[in-house]
Amino acid sequence: MSTVPTPSITCTSLSFTWPDGTPVFDGLQAAFGPGRTGLIGRNGSGKSTLLKLVAGELAPADGTVRTADDVGYLPQNVTLDTALRVDEVLGIAGTRAALHAIEAGDVREEHFTAVGDDWDVEERATATLDQLGLGHIGLDRTTGEVSGGESVLLRLAALLLRRPGVLLLDEPTNNLDLYARRRLYAAVDAWSGVLVVVSHDRELLDRVDQIADLRDGEVTWYGGNFSAYEEALAIEQEAAERMVRVAEADLRKQKRELSDAQVKLARRKRYGQKMWDQKREPKIVMGNRKRAAQESAGKHRILHEEKLAEAKERLDDAVEAVRDDDEIRVDLPHTAVPPGRTVLTLSNLALRYGASVRGEFEIRGPERIALVGRNGAGKTTLLRTISGDLAPVGGTALTHVPMRFLPQRLDVLDDDLTVAENVARHAPDATNNRVRARLARFLFRGAKADQQAATLSGGERFRAALAALMLAEPAPQLLLLDEPTNNLDMASVRQLSSALESYEGALIVASHDLPFLESIGITRWLLLDGGLSELTGDRPQVTAERPEIPTKAVGYSA
């Protein structure tokens with residue numbers, strides 16, 4: 001007889017409100033069982049908050065969170081004390097010290113107690129670091145010597161060494177390059193315990209066993225990975241839209257029937273009044289007939305009104321089932337660049353921090369270029385040099401068309417201004433009506449356009465920054481984007497992709513998000529690794545085991 005697995009995480013009547021009074025959950029019921037779960041939802045839906053509640057980082061206002069095992073938690077923003085040694089981050093410093101003391105001849109009982117059964121702790125730690133591509137980092141080095149991406153993997157290594165029964169990962173690939181992502185994917189594939197991961201990374205979400213969709217304070221479950229979820233959701237939404245059309249037709253029918261019934265009742269009333277006036281029947285007979293007619297008319301009216309109310313309720317229910325994940329729809333004809341026109345010229349460009357572009361490199365026409373490479377290779381530095389934010393060490397970066405740059409920090413917005421005022425700053429000749437009409441297509445309608453930039457959510461802030469650049473005058477014919485999908489939910493990524501569909505200029509995007517890059521029609525893949533080289537094939541082929549990317553020698557490679 002098979003038994004139903006006990007849920008590893010159980011949230012019962014869970015409620016949470018931020019100190020400013022903003023509610024997040026009100027009576028949430030959710031249970032996470034064995035296997036790997038992808039927790040998805042729009043920005044602000046409460047995904048990270050839920051992980052923090054499960055991890056004990058936050059306390060619920062009401063309700064309970066129970067876990068059946070030890071919990072390991074990797075937060076979205078990993079910050080490490082730069083003075084800590086690697087073995088301290090891994091949580092094995094005390095065990096190592098005791099082990100070394102015993103090896104040196106100190107046989108005090110306290111050392112044996114500290115080691116316990118963990119005599120191979122150093123070998124396990126080294127193997128775990130090597131599994132995550134951190135084999136070059138010694139246990140005695142300080143964390144000040146590791147990069148941001150390596151810090152994330154180092155925290156993950158500490159969790160893997162602990163072997164918790166429940167592992168929570170919050171946007172773990174945000175700051176990882178292509179190589180580090182492959183290492184993390186391999187660790188997720190090998191994980192045999194309970195895993196809940198919040199992510200917008202499609203490749204990571206395609207490695208889970210089920211999807212938990214957090215929406216409007218409730219969790220809806222879908223079996224399979226993210227691709228299976230999208231297929232199921234498409235079928236579900238098609239059925240929901242069909243139900244809306246059926247409910248709308250039924251509502252029109254009920255309105256017609258109520259109207260017809262009211263016309264018939266009015267005719268009967270006029271006929272009865274005529275009979276009364278002409279006194280063709282005895283008064284008592286006419287009185288009884290009038291009362292019966294009024295009762296019948298009342299019942300008839302109530303019946304049709306109830307049917308109409310039910311039809312409205314069915315329509316409301318049907319509309320509620322259709323998701324309102326609006327897409328950005330913009331028309332940007334002034335961004336068009338003729339195919340032969342030179343957009344950008346780089347000549348013997350030497351960047352700060354070591355990278356360079358030898359010889360001359362040109363972008364012509366509406367090319368869509370993906371700029372990839374390891375963290376720290378200089379991708380952001382190259383984009384900032386092209387934009388004019390940084391001066392090159394040598395050589396030149398010359399743009400021949402209007403250009404705009406959207407940095408990772410989204411600091412193109414003035415937090416003290418509204419969304420409309422921020423856009424108007426970049427298009428000073430545009431009228432207020434023109435600005436608002438164009439902002440509406442970026443989903444800032446009505447009062448949303450008057451919202452102060454400082455109060456925007458992550459996804460809203462990105463849309464506002466994108467609107468400010470793409471609606472700028474003169475229209476940008478070269479657009480530079482630096483890791484644009486970091487911290488965006490799946491709906492916002494789709495909105496970005498749809499906005500870029502209407503962009504007809506040249507595009508350079510630095511990103512580790514391969515599915516996103518493929519979705520926007522990349523025409524050339526460039527690798528920055530000391531110098532600039534062009535990738536062979538349609539996309540980079542990167543594995544955790546063999547992290548080389550095939551390139552071909554071109555005139556401008558280092």
# chains A, B, ... in the order shown; residues from 1 in each chain; ligands from 1
$ residues_around --residues "segment 57-70 of chain A" --least-positions-apart "3" --cutoff "6 Å" --atoms "only C-alpha atoms" --output "compact mmCIF listing (two decimals) with all heavy atoms, in the first residue's frame"
# COMPACT_ATOMS: atom_id res chain seq x y z
N SER A 8 6.74 18.82 2.93
CA SER A 8 7.95 19.26 3.63
C SER A 8 7.80 20.68 4.16
O SER A 8 8.47 21.07 5.10
CB SER A 8 9.14 19.19 2.68
OG SER A 8 9.31 17.86 2.23
N ILE A 9 6.94 21.47 3.51
CA ILE A 9 6.66 22.84 3.95
C ILE A 9 5.15 23.03 3.96
O ILE A 9 4.49 22.77 2.95
CB ILE A 9 7.29 23.89 3.00
CG1 ILE A 9 8.79 23.66 2.85
CG2 ILE A 9 7.01 25.30 3.49
CD1 ILE A 9 9.42 24.50 1.73
N THR A 10 4.60 23.44 5.09
CA THR A 10 3.16 23.66 5.18
C THR A 10 2.88 25.06 5.71
O THR A 10 3.32 25.42 6.82
CB THR A 10 2.49 22.63 6.11
OG1 THR A 10 2.84 21.31 5.68
CG2 THR A 10 0.99 22.78 6.09
N CYS A 11 2.18 25.86 4.92
CA CYS A 11 1.76 27.21 5.34
C CYS A 11 0.26 27.15 5.59
O CYS A 11 -0.52 26.84 4.69
CB CYS A 11 2.06 28.23 4.25
SG CYS A 11 3.80 28.29 3.77
N THR A 12 -0.13 27.48 6.82
CA THR A 12 -1.54 27.40 7.21
C THR A 12 -2.06 28.77 7.63
O THR A 12 -1.51 29.38 8.56
CB THR A 12 -1.72 26.41 8.38
OG1 THR A 12 -1.13 25.16 8.03
CG2 THR A 12 -3.19 26.21 8.71
N SER A 13 -3.09 29.25 6.92
CA SER A 13 -3.73 30.54 7.24
C SER A 13 -2.67 31.63 7.44
O SER A 13 -2.75 32.43 8.39
CB SER A 13 -4.61 30.41 8.49
OG SER A 13 -5.59 29.42 8.31
N LEU A 14 -1.71 31.68 6.53
CA LEU A 14 -0.55 32.57 6.69
C LEU A 14 -0.90 34.00 6.30
O LEU A 14 -1.41 34.25 5.20
CB LEU A 14 0.60 32.06 5.82
CG LEU A 14 1.97 32.66 6.04
CD1 LEU A 14 2.47 32.35 7.44
CD2 LEU A 14 2.95 32.13 5.00
N SER A 15 -0.64 34.94 7.19
CA SER A 15 -0.88 36.36 6.92
C SER A 15 0.39 37.15 7.22
O SER A 15 1.10 36.85 8.18
CB SER A 15 -2.04 36.89 7.76
OG SER A 15 -3.24 36.22 7.43
N PHE A 16 0.64 38.13 6.38
CA PHE A 16 1.82 38.99 6.59
C PHE A 16 1.54 40.37 6.01
O PHE A 16 1.01 40.49 4.90
CB PHE A 16 3.06 38.39 5.94
CG PHE A 16 4.30 39.21 6.15
CD1 PHE A 16 5.01 39.14 7.35
CD2 PHE A 16 4.75 40.08 5.17
CE1 PHE A 16 6.15 39.92 7.55
CE2 PHE A 16 5.88 40.86 5.36
CZ PHE A 16 6.58 40.78 6.56
N LYS A 52 11.28 33.98 2.76
CA LYS A 52 11.80 34.50 4.03
C LYS A 52 10.96 34.03 5.22
O LYS A 52 11.50 33.76 6.30
CB LYS A 52 11.84 36.03 4.00
CG LYS A 52 12.92 36.59 3.09
CD LYS A 52 12.88 38.11 3.04
CE LYS A 52 13.97 38.64 2.11
NZ LYS A 52 13.89 40.12 1.97
N LEU A 53 9.66 33.91 5.02
CA LEU A 53 8.78 33.40 6.08
C LEU A 53 9.09 31.92 6.36
O LEU A 53 9.14 31.50 7.52
CB LEU A 53 7.31 33.57 5.68
CG LEU A 53 6.76 34.99 5.73
CD1 LEU A 53 5.45 35.09 4.95
CD2 LEU A 53 6.55 35.45 7.16
N PRO A 164 20.94 20.37 4.04
CA PRO A 164 19.60 20.56 4.62
C PRO A 164 18.57 19.73 3.86
O PRO A 164 18.75 19.44 2.67
CB PRO A 164 19.35 22.07 4.43
CG PRO A 164 20.15 22.42 3.21
CD PRO A 164 21.38 21.55 3.27
N GLY A 165 17.50 19.37 4.54
CA GLY A 165 16.44 18.62 3.87
C GLY A 165 15.64 19.49 2.92
O GLY A 165 15.08 19.02 1.93
$ closest_atom_pairs --of "segment 121-218 of chain A" --to "segment 228-247 of chain A" --cutoff "12 Å" --atoms "only C-alpha atoms" --output "CSV"
residue,atom,partner,partner_atom,distance
A:Arg202,CA,A:Glu230,CA,10.9
A:Leu205,CA,A:Tyr229,CA,10.0
A:Asp206,CA,A:Ala228,CA,8.5
A:Arg207,CA,A:Ala228,CA,11.2
A:Val208,CA,A:Ala228,CA,10.6
A:Asp209,CA,A:Ala228,CA,10.0
A:Gln210,CA,A:Tyr229,CA,8.3
A:Ile211,CA,A:Tyr229,CA,6.8
A:Ala212,CA,A:Tyr229,CA,9.5
A:Asp213,CA,A:Tyr229,CA,9.4
$ closest_atom_pairs --of "segment 424-463 of chain A" --to "segment 387-410 of chain A" --cutoff "12 Å" --atoms "only C-alpha atoms" --output "Markdown table"
| residue | atom | partner | partner_atom | distance |
| --- | --- | --- | --- | --- |
| A:His426 | CA | A:Arg404 | CA | 10.5 |
| A:Ala453 | CA | A:Leu410 | CA | 11.0 |
| A:Ala454 | CA | A:Leu410 | CA | 11.7 |
| A:Leu456 | CA | A:Leu410 | CA | 11.9 |
| A:Gly458 | CA | A:Leu410 | CA | 9.8 |
| A:Gly459 | CA | A:Leu410 | CA | 11.0 |
| A:Glu460 | CA | A:Leu410 | CA | 11.2 |
| A:Arg461 | CA | A:Leu410 | CA | 7.7 |
| A:Phe462 | CA | A:Leu410 | CA | 6.9 |
| A:Arg463 | CA | A:Leu410 | CA | 10.0 |
$ write_last_selection --atoms "all heavy atoms" --output "PDB file, in the first residue's frame"
ATOM      1  N   HIS A 426      13.401  63.650 -21.262  1.00  0.00           N
ATOM      2  CA  HIS A 426      14.141  63.138 -22.424  1.00  0.00           C
ATOM      3  C   HIS A 426      13.492  63.551 -23.745  1.00  0.00           C
ATOM      4  O   HIS A 426      14.078  63.330 -24.810  1.00  0.00           O
ATOM      5  CB  HIS A 426      14.231  61.609 -22.347  1.00  0.00           C
ATOM      6  CG  HIS A 426      15.077  61.116 -21.205  1.00  0.00           C
ATOM      7  ND1 HIS A 426      16.447  60.982 -21.286  1.00  0.00           N
ATOM      8  CD2 HIS A 426      14.740  60.751 -19.943  1.00  0.00           C
ATOM      9  CE1 HIS A 426      16.918  60.545 -20.133  1.00  0.00           C
ATOM     10  NE2 HIS A 426      15.899  60.395 -19.293  1.00  0.00           N
ATOM     11  N   ALA A 453       8.656  58.259  -9.255  1.00  0.00           N
ATOM     12  CA  ALA A 453       9.561  57.180  -9.631  1.00  0.00           C
ATOM     13  C   ALA A 453      10.059  56.401  -8.422  1.00  0.00           C
ATOM     14  O   ALA A 453      10.251  55.186  -8.490  1.00  0.00           O
ATOM     15  CB  ALA A 453      10.738  57.742 -10.420  1.00  0.00           C
ATOM     16  N   ALA A 454      10.260  57.088  -7.297  1.00  0.00           N
ATOM     17  CA  ALA A 454      10.783  56.425  -6.096  1.00  0.00           C
ATOM     18  C   ALA A 454       9.833  55.370  -5.551  1.00  0.00           C
ATOM     19  O   ALA A 454      10.255  54.471  -4.815  1.00  0.00           O
ATOM     20  CB  ALA A 454      11.082  57.465  -5.016  1.00  0.00           C
ATOM     21  N   LEU A 456       7.952  53.244  -7.394  1.00  0.00           N
ATOM     22  CA  LEU A 456       7.674  52.180  -8.351  1.00  0.00           C
ATOM     23  C   LEU A 456       8.268  50.849  -7.899  1.00  0.00           C
ATOM     24  O   LEU A 456       9.314  50.811  -7.245  1.00  0.00           O
ATOM     25  CB  LEU A 456       8.258  52.541  -9.724  1.00  0.00           C
ATOM     26  CG  LEU A 456       7.725  53.807 -10.401  1.00  0.00           C
ATOM     27  CD1 LEU A 456       8.501  54.078 -11.677  1.00  0.00           C
ATOM     28  CD2 LEU A 456       6.230  53.676 -10.706  1.00  0.00           C
ATOM     29  N   GLY A 458       9.985  47.049  -8.843  1.00  0.00           N
ATOM     30  CA  GLY A 458      11.104  46.754  -9.729  1.00  0.00           C
ATOM     31  C   GLY A 458      10.704  46.694 -11.190  1.00  0.00           C
ATOM     32  O   GLY A 458      11.358  47.293 -12.059  1.00  0.00           O
ATOM     33  N   GLY A 459       9.612  45.969 -11.492  1.00  0.00           N
ATOM     34  CA  GLY A 459       9.155  45.848 -12.870  1.00  0.00           C
ATOM     35  C   GLY A 459       8.663  47.173 -13.429  1.00  0.00           C
ATOM     36  O   GLY A 459       8.918  47.506 -14.588  1.00  0.00           O
ATOM     37  N   GLU A 460       7.941  47.938 -12.608  1.00  0.00           N
ATOM     38  CA  GLU A 460       7.443  49.254 -13.045  1.00  0.00           C
ATOM     39  C   GLU A 460       8.608  50.204 -13.303  1.00  0.00           C
ATOM     40  O   GLU A 460       8.591  50.968 -14.270  1.00  0.00           O
ATOM     41  CB  GLU A 460       6.519  49.833 -11.978  1.00  0.00           C
ATOM     42  CG  GLU A 460       5.185  49.127 -11.849  1.00  0.00           C
ATOM     43  CD  GLU A 460       4.400  49.606 -10.638  1.00  0.00           C
ATOM     44  OE1 GLU A 460       5.020  50.105  -9.662  1.00  0.00           O
ATOM     45  OE2 GLU A 460       3.162  49.482 -10.656  1.00  0.00           O
ATOM     46  N   ARG A 461       9.605  50.150 -12.439  1.00  0.00           N
ATOM     47  CA  ARG A 461      10.773  51.037 -12.597  1.00  0.00           C
ATOM     48  C   ARG A 461      11.492  50.735 -13.912  1.00  0.00           C
ATOM     49  O   ARG A 461      11.916  51.639 -14.621  1.00  0.00           O
ATOM     50  CB  ARG A 461      11.720  50.863 -11.407  1.00  0.00           C
ATOM     51  CG  ARG A 461      12.857  51.866 -11.400  1.00  0.00           C
ATOM     52  CD  ARG A 461      13.700  51.764 -10.140  1.00  0.00           C
ATOM     53  NE  ARG A 461      14.734  52.768 -10.135  1.00  0.00           N
ATOM     54  CZ  ARG A 461      14.572  54.024  -9.761  1.00  0.00           C
ATOM     55  NH1 ARG A 461      13.382  54.423  -9.334  1.00  0.00           N
ATOM     56  NH2 ARG A 461      15.566  54.893  -9.807  1.00  0.00           N
ATOM     57  N   PHE A 462      11.610  49.450 -14.218  1.00  0.00           N
ATOM     58  CA  PHE A 462      12.258  49.082 -15.475  1.00  0.00           C
ATOM     59  C   PHE A 462      11.456  49.601 -16.666  1.00  0.00           C
ATOM     60  O   PHE A 462      12.015  50.158 -17.611  1.00  0.00           O
ATOM     61  CB  PHE A 462      12.411  47.565 -15.567  1.00  0.00           C
ATOM     62  CG  PHE A 462      13.097  47.138 -16.833  1.00  0.00           C
ATOM     63  CD1 PHE A 462      14.472  47.147 -16.927  1.00  0.00           C
ATOM     64  CD2 PHE A 462      12.364  46.781 -17.942  1.00  0.00           C
ATOM     65  CE1 PHE A 462      15.113  46.792 -18.106  1.00  0.00           C
ATOM     66  CE2 PHE A 462      12.980  46.424 -19.125  1.00  0.00           C
ATOM     67  CZ  PHE A 462      14.369  46.419 -19.201  1.00  0.00           C
ATOM     68  N   ARG A 463      10.128  49.409 -16.622  1.00  0.00           N
ATOM     69  CA  ARG A 463       9.290  49.889 -17.734  1.00  0.00           C
ATOM     70  C   ARG A 463       9.396  51.395 -17.897  1.00  0.00           C
ATOM     71  O   ARG A 463       9.450  51.911 -19.013  1.00  0.00           O
ATOM     72  CB  ARG A 463       7.826  49.500 -17.497  1.00  0.00           C
ATOM     73  CG  ARG A 463       7.447  48.187 -18.142  1.00  0.00           C
ATOM     74  CD  ARG A 463       5.949  47.974 -18.128  1.00  0.00           C
ATOM     75  NE  ARG A 463       5.434  47.675 -16.815  1.00  0.00           N
ATOM     76  CZ  ARG A 463       4.555  48.419 -16.162  1.00  0.00           C
ATOM     77  NH1 ARG A 463       4.087  49.536 -16.704  1.00  0.00           N
ATOM     78  NH2 ARG A 463       4.132  48.069 -14.972  1.00  0.00           N
TER      79      ARG A 463
END
$ atom_distance --atom1 "atom CA of Val194 of chain A" --atom2 "atom CA of Asp513 of chain A"
25.5 Å
$ closest_residue --among "A:Thr485, A:Leu153, A:Ile40, A:Gln131" --to "Leu90 of chain A" --atoms "only C-alpha atoms"
A:Leu153
$ closest_residue --among "A:Glu123, A:Glu145, A:Asp250, A:Glu171" --to "Ser48 of chain A" --atoms "only C-alpha atoms"
A:Glu171
$ closest_residue --among "A:Leu178, A:Met470, A:Val188, A:Leu251" --to "Val372 of chain A" --atoms "only C-alpha atoms"
A:Leu178
$ closest_residue --among "A:Ala249, A:Ile137, A:Ala377, A:Leu132" --to "Ala186 of chain A" --atoms "only C-alpha atoms"
A:Leu132
$ atom_distance --atom1 "atom CA of Ala114 of chain A" --atom2 "atom CA of Gly138 of chain A"
21.9 Å
$ decode --residues "segment 102-121 of chain A" --atoms "N, CA, C and O atoms" --output "PDB file, in the first residue's frame"
ATOM      1  N   ILE A 102      44.420  18.148  16.205  1.00  0.00           N
ATOM      2  CA  ILE A 102      44.611  16.706  16.449  1.00  0.00           C
ATOM      3  C   ILE A 102      45.781  16.186  15.632  1.00  0.00           C
ATOM      4  O   ILE A 102      46.621  15.412  16.131  1.00  0.00           O
ATOM      5  N   GLU A 103      45.845  16.619  14.346  1.00  0.00           N
ATOM      6  CA  GLU A 103      46.941  16.187  13.482  1.00  0.00           C
ATOM      7  C   GLU A 103      48.291  16.657  14.012  1.00  0.00           C
ATOM      8  O   GLU A 103      49.335  16.009  13.777  1.00  0.00           O
ATOM      9  N   ALA A 104      48.287  17.801  14.741  1.00  0.00           N
ATOM     10  CA  ALA A 104      49.528  18.340  15.304  1.00  0.00           C
ATOM     11  C   ALA A 104      49.869  17.705  16.657  1.00  0.00           C
ATOM     12  O   ALA A 104      50.873  18.068  17.276  1.00  0.00           O
ATOM     13  N   GLY A 105      49.019  16.772  17.127  1.00  0.00           N
ATOM     14  CA  GLY A 105      49.319  16.070  18.365  1.00  0.00           C
ATOM     15  C   GLY A 105      48.523  16.499  19.579  1.00  0.00           C
ATOM     16  O   GLY A 105      48.690  15.949  20.677  1.00  0.00           O
ATOM     17  N   ASP A 106      47.639  17.470  19.418  1.00  0.00           N
ATOM     18  CA  ASP A 106      46.813  17.936  20.545  1.00  0.00           C
ATOM     19  C   ASP A 106      45.580  17.032  20.629  1.00  0.00           C
ATOM     20  O   ASP A 106      44.680  17.106  19.791  1.00  0.00           O
ATOM     21  N   VAL A 107      45.541  16.157  21.628  1.00  0.00           N
ATOM     22  CA  VAL A 107      44.468  15.154  21.711  1.00  0.00           C
ATOM     23  C   VAL A 107      43.448  15.470  22.795  1.00  0.00           C
ATOM     24  O   VAL A 107      42.811  14.572  23.358  1.00  0.00           O
ATOM     25  N   ARG A 108      43.261  16.736  23.062  1.00  0.00           N
ATOM     26  CA  ARG A 108      42.243  17.104  24.045  1.00  0.00           C
ATOM     27  C   ARG A 108      40.845  16.704  23.546  1.00  0.00           C
ATOM     28  O   ARG A 108      40.564  16.751  22.347  1.00  0.00           O
ATOM     29  N   GLU A 109      39.971  16.331  24.517  1.00  0.00           N
ATOM     30  CA  GLU A 109      38.635  15.837  24.185  1.00  0.00           C
ATOM     31  C   GLU A 109      37.814  16.841  23.384  1.00  0.00           C
ATOM     32  O   GLU A 109      37.034  16.470  22.510  1.00  0.00           O
ATOM     33  N   GLU A 110      37.993  18.124  23.674  1.00  0.00           N
ATOM     34  CA  GLU A 110      37.188  19.164  22.997  1.00  0.00           C
ATOM     35  C   GLU A 110      37.397  19.159  21.486  1.00  0.00           C
ATOM     36  O   GLU A 110      36.485  19.464  20.714  1.00  0.00           O
ATOM     37  N   HIS A 111      38.631  18.793  21.051  1.00  0.00           N
ATOM     38  CA  HIS A 111      38.891  18.751  19.605  1.00  0.00           C
ATOM     39  C   HIS A 111      38.142  17.600  18.946  1.00  0.00           C
ATOM     40  O   HIS A 111      37.568  17.748  17.863  1.00  0.00           O
ATOM     41  N   PHE A 112      38.134  16.420  19.622  1.00  0.00           N
ATOM     42  CA  PHE A 112      37.418  15.268  19.071  1.00  0.00           C
ATOM     43  C   PHE A 112      35.917  15.545  19.042  1.00  0.00           C
ATOM     44  O   PHE A 112      35.209  15.126  18.120  1.00  0.00           O
ATOM     45  N   THR A 113      35.424  16.265  20.057  1.00  0.00           N
ATOM     46  CA  THR A 113      34.001  16.631  20.076  1.00  0.00           C
ATOM     47  C   THR A 113      33.662  17.558  18.910  1.00  0.00           C
ATOM     48  O   THR A 113      32.615  17.420  18.262  1.00  0.00           O
ATOM     49  N   ALA A 114      34.561  18.513  18.634  1.00  0.00           N
ATOM     50  CA  ALA A 114      34.329  19.466  17.543  1.00  0.00           C
ATOM     51  C   ALA A 114      34.316  18.771  16.188  1.00  0.00           C
ATOM     52  O   ALA A 114      33.521  19.113  15.302  1.00  0.00           O
ATOM     53  N   VAL A 115      35.185  17.763  16.012  1.00  0.00           N
ATOM     54  CA  VAL A 115      35.253  17.054  14.726  1.00  0.00           C
ATOM     55  C   VAL A 115      34.077  16.082  14.582  1.00  0.00           C
ATOM     56  O   VAL A 115      33.472  15.977  13.509  1.00  0.00           O
ATOM     57  N   GLY A 116      33.728  15.388  15.666  1.00  0.00           N
ATOM     58  CA  GLY A 116      32.647  14.405  15.594  1.00  0.00           C
ATOM     59  C   GLY A 116      32.982  13.322  14.591  1.00  0.00           C
ATOM     60  O   GLY A 116      34.062  12.718  14.648  1.00  0.00           O
ATOM     61  N   ASP A 117      32.070  13.083  13.640  1.00  0.00           N
ATOM     62  CA  ASP A 117      32.314  12.087  12.590  1.00  0.00           C
ATOM     63  C   ASP A 117      32.783  12.729  11.285  1.00  0.00           C
ATOM     64  O   ASP A 117      32.883  12.043  10.264  1.00  0.00           O
ATOM     65  N   ASP A 118      33.053  14.032  11.335  1.00  0.00           N
ATOM     66  CA  ASP A 118      33.338  14.778  10.099  1.00  0.00           C
ATOM     67  C   ASP A 118      34.843  14.848   9.820  1.00  0.00           C
ATOM     68  O   ASP A 118      35.419  15.916   9.660  1.00  0.00           O
ATOM     69  N   TRP A 119      35.484  13.666   9.730  1.00  0.00           N
ATOM     70  CA  TRP A 119      36.938  13.634   9.532  1.00  0.00           C
ATOM     71  C   TRP A 119      37.339  14.016   8.110  1.00  0.00           C
ATOM     72  O   TRP A 119      38.481  14.412   7.873  1.00  0.00           O
ATOM     73  N   ASP A 120      36.421  13.894   7.172  1.00  0.00           N
ATOM     74  CA  ASP A 120      36.754  14.224   5.776  1.00  0.00           C
ATOM     75  C   ASP A 120      36.210  15.589   5.360  1.00  0.00           C
ATOM     76  O   ASP A 120      35.961  15.844   4.189  1.00  0.00           O
ATOM     77  N   VAL A 121      36.021  16.492   6.341  1.00  0.00           N
ATOM     78  CA  VAL A 121      35.383  17.774   6.064  1.00  0.00           C
ATOM     79  C   VAL A 121      36.125  18.575   4.993  1.00  0.00           C
ATOM     80  O   VAL A 121      35.501  19.196   4.124  1.00  0.00           O
TER      81      VAL A 121
END
